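**Q** Structure: work_34.pdb, PDB, C-alpha atoms and all ligand atoms.
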ATOM      1  CA  MET A   1    -188.350 131.834 104.647
ATOM      2  CA  THR A   2    -184.844 132.871 103.524
ATOM      3  CA  GLU A   3    -184.120 133.476  99.827
ATOM      4  CA  ASN A   4    -182.110 130.246  99.696
ATOM      5  CA  GLU A   5    -185.097 128.320 101.053
ATOM      6  CA  ILE A   6    -187.318 129.953  98.413
ATOM      7  CA  PHE A   7    -184.871 128.985  95.632
ATOM      8  CA  SER A   8    -184.701 125.421  96.889
ATOM      9  CA  LYS A   9    -188.526 125.124  97.041
ATOM     10  CA  ILE A  10    -188.813 126.369  93.438
ATOM     11  CA  ARG A  11    -186.184 123.813  92.362
ATOM     12  CA  GLU A  12    -188.158 121.027  94.081
ATOM     13  CA  GLY A  13    -191.419 122.169  92.468
ATOM     14  CA  PHE A  14    -189.746 122.345  89.080
ATOM     15  CA  LEU A  15    -188.264 118.853  89.388
ATOM     16  CA  SER A  16    -191.669 117.382  90.277
ATOM     17  CA  PHE A  17    -192.941 119.001  87.036
ATOM     18  CA  ASP A  18    -195.915 120.416  88.910
ATOM     19  CA  PHE A  19    -196.640 123.423  86.697
ATOM     20  CA  GLU A  20    -199.218 125.023  88.960
ATOM     21  CA  GLU A  21    -197.250 124.633  92.202
ATOM     22  CA  THR A  22    -193.986 125.868  90.625
ATOM     23  CA  LYS A  23    -195.651 128.928  89.097
ATOM     24  CA  GLU A  24    -197.273 129.728  92.456
ATOM     25  CA  LEU A  25    -193.871 129.517  94.161
ATOM     26  CA  VAL A  26    -192.275 131.793  91.542
ATOM     27  CA  LYS A  27    -195.167 134.269  91.784
ATOM     28  CA  ASP A  28    -194.837 134.266  95.554
ATOM     29  CA  ALA A  29    -191.094 134.891  95.371
ATOM     30  CA  LEU A  30    -191.594 137.793  92.947
ATOM     31  CA  GLU A  31    -194.225 139.301  95.222
ATOM     32  CA  ARG A  32    -191.769 139.115  98.124
ATOM     33  CA  GLY A  33    -189.373 141.174  96.008
ATOM     34  CA  VAL A  34    -186.914 138.448  95.017
ATOM     35  CA  ASP A  35    -184.861 139.501  91.954
ATOM     36  CA  PRO A  36    -186.300 137.750  88.857
ATOM     37  CA  VAL A  37    -182.793 137.180  87.467
ATOM     38  CA  GLU A  38    -181.787 135.424  90.705
ATOM     39  CA  ILE A  39    -184.821 133.167  90.351
ATOM     40  CA  ILE A  40    -183.568 132.135  86.919
ATOM     41  CA  GLU A  41    -179.961 131.599  87.932
ATOM     42  CA  LYS A  42    -180.436 130.151  91.432
ATOM     43  CA  SER A  43    -183.464 127.944  90.969
ATOM     44  CA  LEU A  44    -184.656 127.416  87.388
ATOM     45  CA  ARG A  45    -181.295 126.930  85.681
ATOM     46  CA  PRO A  46    -179.875 124.634  88.406
ATOM     47  CA  ALA A  47    -183.117 122.599  88.230
ATOM     48  CA  MET A  48    -182.602 122.303  84.462
ATOM     49  CA  GLU A  49    -179.052 121.096  85.072
ATOM     50  CA  ILE A  50    -180.407 118.334  87.313
ATOM     51  CA  VAL A  51    -182.922 117.396  84.585
ATOM     52  CA  GLY A  52    -179.972 117.143  82.164
ATOM     53  CA  GLU A  53    -177.963 114.977  84.593
ATOM     54  CA  LYS A  54    -180.912 112.639  85.190
ATOM     55  CA  PHE A  55    -181.362 112.359  81.424
ATOM     56  CA  GLU A  56    -177.686 111.479  81.033
ATOM     57  CA  GLN A  57    -177.975 108.829  83.753
ATOM     58  CA  GLY A  58    -180.996 107.232  82.073
ATOM     59  CA  GLU A  59    -183.375 108.222  84.880
ATOM     60  CA  PHE A  60    -185.227 110.751  82.696
ATOM     61  CA  PHE A  61    -186.122 110.436  79.023
ATOM     62  CA  LEU A  62    -186.635 112.876  76.163
ATOM     63  CA  SER A  63    -190.232 113.424  77.294
ATOM     64  CA  GLU A  64    -188.952 114.886  80.604
ATOM     65  CA  LEU A  65    -186.583 117.218  78.724
ATOM     66  CA  VAL A  66    -189.525 118.420  76.649
ATOM     67  CA  VAL A  67    -191.760 118.979  79.699
ATOM     68  CA  ALA A  68    -188.953 120.767  81.567
ATOM     69  CA  GLY A  69    -188.412 123.004  78.531
ATOM     70  CA  ASP A  70    -192.124 123.849  78.393
ATOM     71  CA  LEU A  71    -192.307 124.603  82.115
ATOM     72  CA  PHE A  72    -189.241 126.861  81.922
ATOM     73  CA  LYS A  73    -190.697 128.748  78.940
ATOM     74  CA  GLU A  74    -194.094 129.241  80.576
ATOM     75  CA  ILE A  75    -192.484 130.625  83.729
ATOM     76  CA  MET A  76    -190.324 132.981  81.663
ATOM     77  CA  ASP A  77    -193.141 134.200  79.393
ATOM     78  CA  GLU A  78    -195.897 134.499  82.004
ATOM     79  CA  LEU A  79    -194.052 135.547  85.141
ATOM     80  CA  ILE A  80    -190.458 136.653  84.718
ATOM     81  CA  SER A  81    -190.108 138.517  81.394
ATOM     82  CA  PRO A  82    -193.069 140.873  82.088
ATOM     83  CA  ARG A  83    -191.368 141.959  85.343
ATOM     84  CA  LEU A  84    -188.056 142.960  83.822
ATOM     85  CA  LYS A  85    -187.853 146.725  83.453
ATOM     86  CA  LYS A  86    -186.547 147.998  80.130
ATOM     87  CA  GLU A  87    -183.889 150.714  80.130
ATOM     88  CA  GLU A  88    -184.665 153.619  77.787
ATOM     89  CA  LYS A  89    -181.294 153.514  76.069
ATOM     90  CA  GLU A  90    -179.946 152.660  72.629
ATOM     91  CA  LEU A  91    -176.798 150.729  73.270
ATOM     92  CA  GLY A  92    -176.430 149.089  69.872
ATOM     93  CA  THR A  93    -177.675 146.151  67.824
ATOM     94  CA  VAL A  94    -177.140 142.465  68.543
ATOM     95  CA  VAL A  95    -177.906 139.658  66.115
ATOM     96  CA  ILE A  96    -178.345 136.432  68.074
ATOM     97  CA  GLY A  97    -179.154 132.821  67.254
ATOM     98  CA  THR A  98    -178.663 129.183  68.164
ATOM     99  CA  VAL A  99    -176.262 127.555  65.712
ATOM    100  CA  ARG A 100    -177.084 125.047  62.978
ATOM    101  CA  GLY A 101    -178.240 121.635  64.166
ATOM    102  CA  ASP A 102    -179.111 122.878  67.643
ATOM    103  CA  LEU A 103    -182.702 123.424  68.800
ATOM    104  CA  HIS A 104    -182.051 124.582  72.375
ATOM    105  CA  ASP A 105    -183.332 128.125  72.759
ATOM    106  CA  ILE A 106    -184.247 128.732  76.383
ATOM    107  CA  GLY A 107    -180.850 130.163  77.372
ATOM    108  CA  LYS A 108    -180.524 132.121  74.137
ATOM    109  CA  ASN A 109    -183.992 133.605  74.697
ATOM    110  CA  ILE A 110    -183.043 134.686  78.221
ATOM    111  CA  VAL A 111    -179.886 136.360  76.911
ATOM    112  CA  ALA A 112    -181.941 138.091  74.168
ATOM    113  CA  THR A 113    -184.516 139.293  76.719
ATOM    114  CA  MET A 114    -181.879 140.599  79.123
ATOM    115  CA  LEU A 115    -180.059 142.418  76.316
ATOM    116  CA  ARG A 116    -183.329 144.079  75.252
ATOM    117  CA  VAL A 117    -184.018 145.042  78.857
ATOM    118  CA  ALA A 118    -180.549 146.612  79.061
ATOM    119  CA  GLY A 119    -181.301 148.762  75.992
ATOM    120  CA  PHE A 120    -179.915 146.788  73.044
ATOM    121  CA  LYS A 121    -181.877 146.272  69.840
ATOM    122  CA  VAL A 122    -181.916 142.500  69.411
ATOM    123  CA  ILE A 123    -182.518 140.629  66.164
ATOM    124  CA  ASP A 124    -183.255 137.040  67.147
ATOM    125  CA  LEU A 125    -182.675 134.600  64.290
ATOM    126  CA  GLY A 126    -184.105 131.673  66.263
ATOM    127  CA  VAL A 127    -182.654 128.151  66.318
ATOM    128  CA  ASP A 128    -180.802 125.963  63.809
ATOM    129  CA  VAL A 129    -179.254 129.046  62.190
ATOM    130  CA  SER A 130    -176.797 128.347  59.364
ATOM    131  CA  PRO A 131    -173.547 130.302  58.857
ATOM    132  CA  GLU A 132    -175.092 131.729  55.669
ATOM    133  CA  ALA A 133    -178.091 133.021  57.629
ATOM    134  CA  PHE A 134    -175.799 134.671  60.204
ATOM    135  CA  LEU A 135    -173.879 136.322  57.352
ATOM    136  CA  GLU A 136    -177.058 137.522  55.659
ATOM    137  CA  ALA A 137    -178.239 139.066  58.944
ATOM    138  CA  VAL A 138    -174.895 140.801  59.482
ATOM    139  CA  LYS A 139    -175.138 142.350  56.014
ATOM    140  CA  LYS A 140    -178.770 143.336  56.498
ATOM    141  CA  TYR A 141    -178.790 144.679  60.065
ATOM    142  CA  LYS A 142    -175.141 145.805  60.410
ATOM    143  CA  PRO A 143    -175.071 144.798  64.093
ATOM    144  CA  ASP A 144    -172.406 145.802  66.593
ATOM    145  CA  ILE A 145    -172.402 142.291  68.046
ATOM    146  CA  VAL A 146    -173.179 138.756  66.890
ATOM    147  CA  GLY A 147    -174.183 136.331  69.667
ATOM    148  CA  MET A 148    -174.217 132.580  69.192
ATOM    149  CA  SER A 149    -175.570 129.869  71.453
ATOM    150  CA  ALA A 150    -174.813 126.117  71.417
ATOM    151  CA  LEU A 151    -175.785 123.446  73.931
ATOM    152  CA  LEU A 152    -174.523 120.380  72.136
ATOM    153  CA  THR A 153    -170.885 119.377  71.870
ATOM    154  CA  THR A 154    -171.730 118.271  68.330
ATOM    155  CA  THR A 155    -172.961 121.724  67.281
ATOM    156  CA  MET A 156    -170.484 124.084  68.965
ATOM    157  CA  ILE A 157    -168.153 123.622  65.967
ATOM    158  CA  GLU A 158    -170.752 125.549  63.936
ATOM    159  CA  MET A 159    -169.655 128.684  65.800
ATOM    160  CA  GLU A 160    -166.274 128.424  64.121
ATOM    161  CA  ASN A 161    -168.015 127.911  60.767
ATOM    162  CA  VAL A 162    -169.965 131.146  61.278
ATOM    163  CA  ILE A 163    -166.768 133.062  62.061
ATOM    164  CA  LYS A 164    -165.120 131.613  58.929
ATOM    165  CA  GLU A 165    -168.162 132.576  56.855
ATOM    166  CA  LEU A 166    -167.974 136.170  58.135
ATOM    167  CA  GLU A 167    -164.214 136.264  57.456
ATOM    168  CA  LYS A 168    -164.699 134.933  53.936
ATOM    169  CA  ALA A 169    -167.217 137.701  53.223
ATOM    170  CA  GLY A 170    -164.875 140.341  54.687
ATOM    171  CA  VAL A 171    -167.254 141.454  57.454
ATOM    172  CA  ARG A 172    -165.703 139.737  60.490
ATOM    173  CA  LYS A 173    -163.871 142.943  61.497
ATOM    174  CA  ASP A 174    -167.143 144.914  61.482
ATOM    175  CA  VAL A 175    -168.677 142.973  64.391
ATOM    176  CA  LYS A 176    -167.784 141.703  67.838
ATOM    177  CA  ILE A 177    -168.599 138.055  68.453
ATOM    178  CA  ILE A 178    -169.801 136.638  71.766
ATOM    179  CA  VAL A 179    -170.543 132.960  72.318
ATOM    180  CA  GLY A 180    -172.233 131.005  75.082
ATOM    181  CA  GLY A 181    -174.370 128.022  76.032
ATOM    182  CA  ALA A 182    -173.744 124.986  78.195
ATOM    183  CA  ALA A 183    -171.385 123.323  75.711
ATOM    184  CA  VAL A 184    -169.093 126.328  75.319
ATOM    185  CA  THR A 185    -166.074 127.381  77.385
ATOM    186  CA  GLU A 186    -163.838 130.414  77.541
ATOM    187  CA  ASP A 187    -160.967 128.393  76.021
ATOM    188  CA  PHE A 188    -163.140 127.224  73.146
ATOM    189  CA  ALA A 189    -164.229 130.810  72.479
ATOM    190  CA  LYS A 190    -160.580 131.908  72.292
ATOM    191  CA  LYS A 191    -159.641 128.972  70.090
ATOM    192  CA  ILE A 192    -162.243 129.756  67.437
ATOM    193  CA  GLY A 193    -161.443 133.474  67.438
ATOM    194  CA  ALA A 194    -164.554 134.827  69.180
ATOM    195  CA  ASP A 195    -164.145 138.141  71.008
ATOM    196  CA  ALA A 196    -165.871 136.975  74.173
ATOM    197  CA  TYR A 197    -167.572 134.189  76.102
ATOM    198  CA  GLY A 198    -170.437 134.719  78.536
ATOM    199  CA  LYS A 199    -171.343 132.088  81.098
ATOM    200  CA  ASP A 200    -174.833 133.415  81.805
ATOM    201  CA  ALA A 201    -177.239 136.175  80.811
ATOM    202  CA  VAL A 202    -175.970 138.655  83.420
ATOM    203  CA  GLU A 203    -172.412 138.230  82.195
ATOM    204  CA  ALA A 204    -173.615 138.404  78.573
ATOM    205  CA  VAL A 205    -175.122 141.856  79.190
ATOM    206  CA  ALA A 206    -172.045 143.165  81.019
ATOM    207  CA  ILE A 207    -169.747 141.932  78.240
ATOM    208  CA  CYS A 208    -171.928 143.287  75.423
ATOM    209  CA  LYS A 209    -171.928 146.702  77.137
ATOM    210  CA  ARG A 210    -168.144 146.535  77.308
ATOM    211  CA  LEU A 211    -167.940 145.472  73.654
ATOM    212  CA  VAL A 212    -169.877 148.577  72.572
ATOM    213  CA  GLY A 213    -167.851 150.754  74.940
ATOM    214  CA  VAL A 214    -170.541 151.818  77.415
ATOM    215  CA  SER A 215    -169.004 150.328  80.559
TER     216      SER A 215
HETATM  217  C1  LIG A 301    -184.337 121.465  77.967
HETATM  218  C2  LIG A 301    -183.348 120.636  77.203
HETATM  219  C3  LIG A 301    -183.747 120.164  75.938
HETATM  220  C4  LIG A 301    -185.052 120.619  75.250
HETATM  221  C5  LIG A 301    -184.816 122.054  74.716
HETATM  222  C6  LIG A 301    -186.064 122.902  74.689
HETATM  223  C7  LIG A 301    -185.755 124.284  74.181
HETATM  224  N1  LIG A 301    -186.739 124.857  73.531
HETATM  225  O1  LIG A 301    -184.674 124.830  74.352
HETATM  226  C8  LIG A 301    -185.215 119.550  74.109
HETATM  227  C9  LIG A 301    -186.166 118.483  74.570
HETATM  228  C10 LIG A 301    -185.674 120.073  72.758
HETATM  229  C11 LIG A 301    -183.796 118.967  74.044
HETATM  230  C12 LIG A 301    -183.369 118.181  72.982
HETATM  231  C13 LIG A 301    -182.140 117.545  72.942
HETATM  232  N2  LIG A 301    -181.199 117.553  73.886
HETATM  233 CO1  LIG A 301    -181.249 118.718  75.413
HETATM  234  N3  LIG A 301    -181.222 119.526  77.068
HETATM  235  C14 LIG A 301    -182.058 120.306  77.745
HETATM  236  C15 LIG A 301    -181.493 120.687  79.138
HETATM  237  C16 LIG A 301    -182.104 119.765  80.182
HETATM  238  C17 LIG A 301    -181.687 122.113  79.610
HETATM  239  C18 LIG A 301    -181.197 123.222  78.658
HETATM  240  C19 LIG A 301    -181.688 124.557  79.157
HETATM  241  O2  LIG A 301    -182.654 125.099  78.644
HETATM  242  N4  LIG A 301    -181.066 125.079  80.252
HETATM  243  C20 LIG A 301    -181.503 126.303  80.906
HETATM  244  C21 LIG A 301    -180.864 127.537  80.260
HETATM  245  C22 LIG A 301    -181.319 128.798  80.979
HETATM  246  O3  LIG A 301    -179.472 127.428  80.391
HETATM  247  P1  LIG A 301    -178.475 127.550  79.163
HETATM  248  O4  LIG A 301    -179.123 127.087  77.921
HETATM  249  O5  LIG A 301    -177.181 126.934  79.552
HETATM  250  O6  LIG A 301    -178.291 129.116  78.978
HETATM  251  C23 LIG A 301    -177.607 129.960  79.868
HETATM  252  C24 LIG A 301    -176.095 130.053  79.609
HETATM  253  O7  LIG A 301    -175.541 128.907  78.986
HETATM  254  C25 LIG A 301    -175.937 131.293  78.786
HETATM  255  N5  LIG A 301    -176.122 131.275  77.331
HETATM  256  C26 LIG A 301    -176.891 130.510  76.533
HETATM  257  N6  LIG A 301    -176.831 130.880  75.262
HETATM  258  C27 LIG A 301    -175.995 131.951  75.211
HETATM  259  C28 LIG A 301    -175.560 132.734  74.145
HETATM  260  C29 LIG A 301    -174.665 133.771  74.366
HETATM  261  C30 LIG A 301    -174.205 134.620  73.248
HETATM  262  C31 LIG A 301    -174.175 134.003  75.691
HETATM  263  C32 LIG A 301    -173.184 135.069  75.930
HETATM  264  C33 LIG A 301    -174.619 133.218  76.766
HETATM  265  C34 LIG A 301    -175.515 132.196  76.518
HETATM  266  O8  LIG A 301    -176.934 132.146  79.337
HETATM  267  C35 LIG A 301    -178.114 131.377  79.614
HETATM  268  C36 LIG A 301    -178.868 132.016  80.748
HETATM  269  O9  LIG A 301    -178.127 132.083  81.931
HETATM  270  C37 LIG A 301    -179.963 120.426  78.904
HETATM  271  C38 LIG A 301    -179.130 120.162  80.169
HETATM  272  C39 LIG A 301    -178.154 121.273  80.487
HETATM  273  N7  LIG A 301    -177.430 121.098  81.563
HETATM  274  O10 LIG A 301    -178.030 122.247  79.804
HETATM  275  C40 LIG A 301    -180.016 119.249  77.930
HETATM  276  C41 LIG A 301    -178.822 118.918  76.983
HETATM  277  C42 LIG A 301    -178.209 120.197  76.457
HETATM  278  N8  LIG A 301    -179.461 118.184  75.880
HETATM  279  C43 LIG A 301    -178.754 117.211  75.507
HETATM  280  C44 LIG A 301    -179.130 116.334  74.446
HETATM  281  C45 LIG A 301    -178.227 115.116  74.221
HETATM  282  C46 LIG A 301    -180.279 116.573  73.665
HETATM  283  C47 LIG A 301    -180.754 115.737  72.448
HETATM  284  C48 LIG A 301    -179.622 115.274  71.491
HETATM  285  C49 LIG A 301    -181.538 114.539  73.012
HETATM  286  C50 LIG A 301    -182.028 113.517  72.006
HETATM  287  N9  LIG A 301    -181.568 112.304  72.187
HETATM  288  O11 LIG A 301    -182.759 113.832  71.108
HETATM  289  C51 LIG A 301    -181.743 116.707  71.763
HETATM  290  C52 LIG A 301    -181.057 117.581  70.690
HETATM  291  C53 LIG A 301    -182.013 118.394  69.901
HETATM  292  C54 LIG A 301    -181.258 119.417  69.045
HETATM  293  N10 LIG A 301    -180.970 119.079  67.801
HETATM  294  O12 LIG A 301    -180.926 120.483  69.523
HETATM  295  C55 LIG A 301    -177.434 117.098  76.258
HETATM  296  C56 LIG A 301    -176.227 117.586  75.443
HETATM  297  C57 LIG A 301    -175.020 116.707  75.651
HETATM  298  C58 LIG A 301    -173.849 117.224  74.903
HETATM  299  N11 LIG A 301    -172.745 117.278  75.610
HETATM  300  O13 LIG A 301    -173.876 117.582  73.770
HETATM  301  C59 LIG A 301    -177.741 117.922  77.565
HETATM  302  C60 LIG A 301    -176.500 118.607  78.195
HETATM  303  C61 LIG A 301    -178.354 116.926  78.585
HETATM  304  C62 LIG A 301    -177.365 115.903  79.078
HETATM  305  N12 LIG A 301    -176.727 116.148  80.200
HETATM  306  O14 LIG A 301    -177.192 114.868  78.464
HETATM  307  N13 LIG A 301    -183.064 119.277  75.109
END
Would you encode the structure as structure tokens?

**A**
Amino acid sequence: MTENEIFSKIREGFLSFDFEETKELVKDALERGVDPVEIIEKSLRPAMEIVGEKFEQGEFFLSELVVAGDLFKEIMDELISPRLKKEEKELGTVVIGTVRGDLHDIGKNIVATMLRVAGFKVIDLGVDVSPEAFLEAVKKYKPDIVGMSALLTTTMIEMENVIKELEKAGVRKDVKIIVGGAAVTEDFAKKIGADAYGKDAVEAVAICKRLVGVS
């Protein structure tokens, strides 16, 4: 089986919501030496996008979104995260969170995991994080970078509110800000005054390294 065939089988398993079968396929792929990050980006995330499209078209309901979220998390926690090798480096501190009103955390968690693996210290504030909570964390942890995630078009505006909150408190210049999540674009990031936009976890790591001057 080629890698593309493996990715497509995992996508099919995922979309049938067969937890056991999908986990077996992922385990099998990992044992064959397939890169865990490629499994995320070439099978699990595209499968999630299809779940989202089917939800939009009225073919799937909220219950399917919930099940898909659970399946994704179980695969990450049980199979993928334990196989990522951590670099013994201290690249800097990142405070990360999903913005106020938004409960999507799968992508944010992947970014947090990949940053830790790369050698960053990551303070994860969780979901539904208010601008005040971001500010408090910046004061407390003095991070090099603040990362924000938003998946809803209705919540991405909160990213701008966080930046304004940091400006108001006079600490905006002390941190670099990176934003991401399905709702966000490069143009939006520029418009709200973020320093960077990352389309996926691999890009997020590369950009954060650049922001702290290590690559
Ligand atoms: C699973 C899911 C859910 C689950 C979330 C479970 C969880 N714990 O996260 C649940 C069931 C809770 C949910 C709820 C809702 N959802 Co929902 N959900 C999804 C779905 C299908 C997948 C999201 C996902 O996990 N993708 C997989 C991850 C790996 O991808 P990702 O998040 O994009 O992350 C990657 C990159 O974006 C990037 N990234 C992410 N964060 C960050 C941060 C930084 C700093 C950087 C650099 C990069 C980065 O790196 C990640 C890894 O590569 C999406 C569809 C979609 N296409 O996104 C809809 C979707 C986001 N949901 C949607 C909606 C409408 C809702 C609800 C409003 C539904 C409802 N009627 O209640 C609620 C809102 C709840 C709330 N207040 O947040 C819509 C949003 C539409 C819009 N334009 O705003 C979508 C797009 C579905 C659709 N097509 O209609 N949802």

**Q** Return as a PyMOL selection string the set of residues that the PyMOL selection byres (((not hetatm)) within 7 of (chain A and resi 301)) yields on the displayed structure.

**A** chain A and resi 41+45+48-49+51-53+55-56+62+65-66+68-69+96+101-108+110-111+147-154+178-183+197-201+204

**Q** Counting all atoms listed in the file, what is within 8 Å of range 22-36 of chain A, bar same-chain residues fewer than 6 positions away, as number ranges by chain?

**A** A: 3, 6, 9-10, 13-14, 75, 79-80, 83-84

**Q** Please return, as a PDB file with C-alpha atoms, keeping the file's coordinate frame, all polymer residues that have at least one atom within 6 Å of the point (-186.5, 148.0, 75.0); use only C-alpha atoms and the file's own coordinate frame.

**A**
ATOM      1  CA  LYS A  86    -186.547 147.998  80.130  1.00  0.00           C
ATOM      2  CA  ARG A 116    -183.329 144.079  75.252  1.00  0.00           C
ATOM      3  CA  VAL A 117    -184.018 145.042  78.857  1.00  0.00           C
ATOM      4  CA  GLY A 119    -181.301 148.762  75.992  1.00  0.00           C
TER       5      GLY A 119
END

**Q** What gap, in Å, lies between CA of Glu87 in chain A and CA of Pro46 in chain A?

**A**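 Interatomic distance, CA of Glu87 in chain A to CA of Pro46 in chain A: 27.7 Å.
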
**Q** From the options A:Glu59, A:Val37, A:Lys209, A:Lys164, which residue's atoms come nearest to Ala118 in chain A, counting only C-alpha atoms?

**A**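 Among the listed residues, the smallest separation from Ala118 in chain A belongs to A:Lys209.
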
**Q** In Å, with one decimal, what is the gap from CA of Val162 in chain A to CA of Leu125 in chain A?

**A** 13.5 Å

**Q** Could you please fill out range 34-49 of chain A with N, CA and C atoms and send it back as a PDB file, in the coordinates of the input?

**A**
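In the end it all went to out23.pdb:
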ATOM      1  N   VAL A  34    -188.137 139.146  95.435  1.00  0.00           N
ATOM      2  CA  VAL A  34    -186.914 138.448  95.017  1.00  0.00           C
ATOM      3  C   VAL A  34    -186.598 138.848  93.572  1.00  0.00           C
ATOM      4  N   ASP A  35    -185.312 139.083  93.290  1.00  0.00           N
ATOM      5  CA  ASP A  35    -184.861 139.501  91.954  1.00  0.00           C
ATOM      6  C   ASP A  35    -185.177 138.408  90.922  1.00  0.00           C
ATOM      7  N   PRO A  36    -185.938 138.758  89.865  1.00  0.00           N
ATOM      8  CA  PRO A  36    -186.300 137.750  88.857  1.00  0.00           C
ATOM      9  C   PRO A  36    -185.087 137.045  88.234  1.00  0.00           C
ATOM     10  N   VAL A  37    -183.990 137.788  88.071  1.00  0.00           N
ATOM     11  CA  VAL A  37    -182.793 137.180  87.467  1.00  0.00           C
ATOM     12  C   VAL A  37    -182.192 136.127  88.409  1.00  0.00           C
ATOM     13  N   GLU A  38    -182.282 136.399  89.722  1.00  0.00           N
ATOM     14  CA  GLU A  38    -181.787 135.424  90.705  1.00  0.00           C
ATOM     15  C   GLU A  38    -182.641 134.167  90.683  1.00  0.00           C
ATOM     16  N   ILE A  39    -183.938 134.346  90.424  1.00  0.00           N
ATOM     17  CA  ILE A  39    -184.821 133.167  90.351  1.00  0.00           C
ATOM     18  C   ILE A  39    -184.389 132.281  89.185  1.00  0.00           C
ATOM     19  N   ILE A  40    -184.037 132.921  88.069  1.00  0.00           N
ATOM     20  CA  ILE A  40    -183.568 132.135  86.919  1.00  0.00           C
ATOM     21  C   ILE A  40    -182.279 131.406  87.289  1.00  0.00           C
ATOM     22  N   GLU A  41    -181.300 132.169  87.772  1.00  0.00           N
ATOM     23  CA  GLU A  41    -179.961 131.599  87.932  1.00  0.00           C
ATOM     24  C   GLU A  41    -179.811 130.707  89.162  1.00  0.00           C
ATOM     25  N   LYS A  42    -180.647 130.946  90.216  1.00  0.00           N
ATOM     26  CA  LYS A  42    -180.436 130.151  91.432  1.00  0.00           C
ATOM     27  C   LYS A  42    -181.466 129.049  91.614  1.00  0.00           C
ATOM     28  N   SER A  43    -182.563 129.084  90.835  1.00  0.00           N
ATOM     29  CA  SER A  43    -183.464 127.944  90.969  1.00  0.00           C
ATOM     30  C   SER A  43    -183.804 127.281  89.642  1.00  0.00           C
ATOM     31  N   LEU A  44    -184.191 128.060  88.621  1.00  0.00           N
ATOM     32  CA  LEU A  44    -184.656 127.416  87.388  1.00  0.00           C
ATOM     33  C   LEU A  44    -183.506 126.765  86.618  1.00  0.00           C
ATOM     34  N   ARG A  45    -182.399 127.500  86.461  1.00  0.00           N
ATOM     35  CA  ARG A  45    -181.295 126.930  85.681  1.00  0.00           C
ATOM     36  C   ARG A  45    -180.657 125.727  86.401  1.00  0.00           C
ATOM     37  N   PRO A  46    -180.395 125.824  87.721  1.00  0.00           N
ATOM     38  CA  PRO A  46    -179.875 124.634  88.406  1.00  0.00           C
ATOM     39  C   PRO A  46    -180.837 123.441  88.311  1.00  0.00           C
ATOM     40  N   ALA A  47    -182.149 123.708  88.360  1.00  0.00           N
ATOM     41  CA  ALA A  47    -183.117 122.599  88.230  1.00  0.00           C
ATOM     42  C   ALA A  47    -182.972 121.971  86.850  1.00  0.00           C
ATOM     43  N   MET A  48    -182.793 122.806  85.827  1.00  0.00           N
ATOM     44  CA  MET A  48    -182.602 122.303  84.462  1.00  0.00           C
ATOM     45  C   MET A  48    -181.347 121.457  84.363  1.00  0.00           C
ATOM     46  N   GLU A  49    -180.299 121.873  85.109  1.00  0.00           N
ATOM     47  CA  GLU A  49    -179.052 121.096  85.072  1.00  0.00           C
ATOM     48  C   GLU A  49    -179.290 119.706  85.650  1.00  0.00           C
TER      49      GLU A  49
END
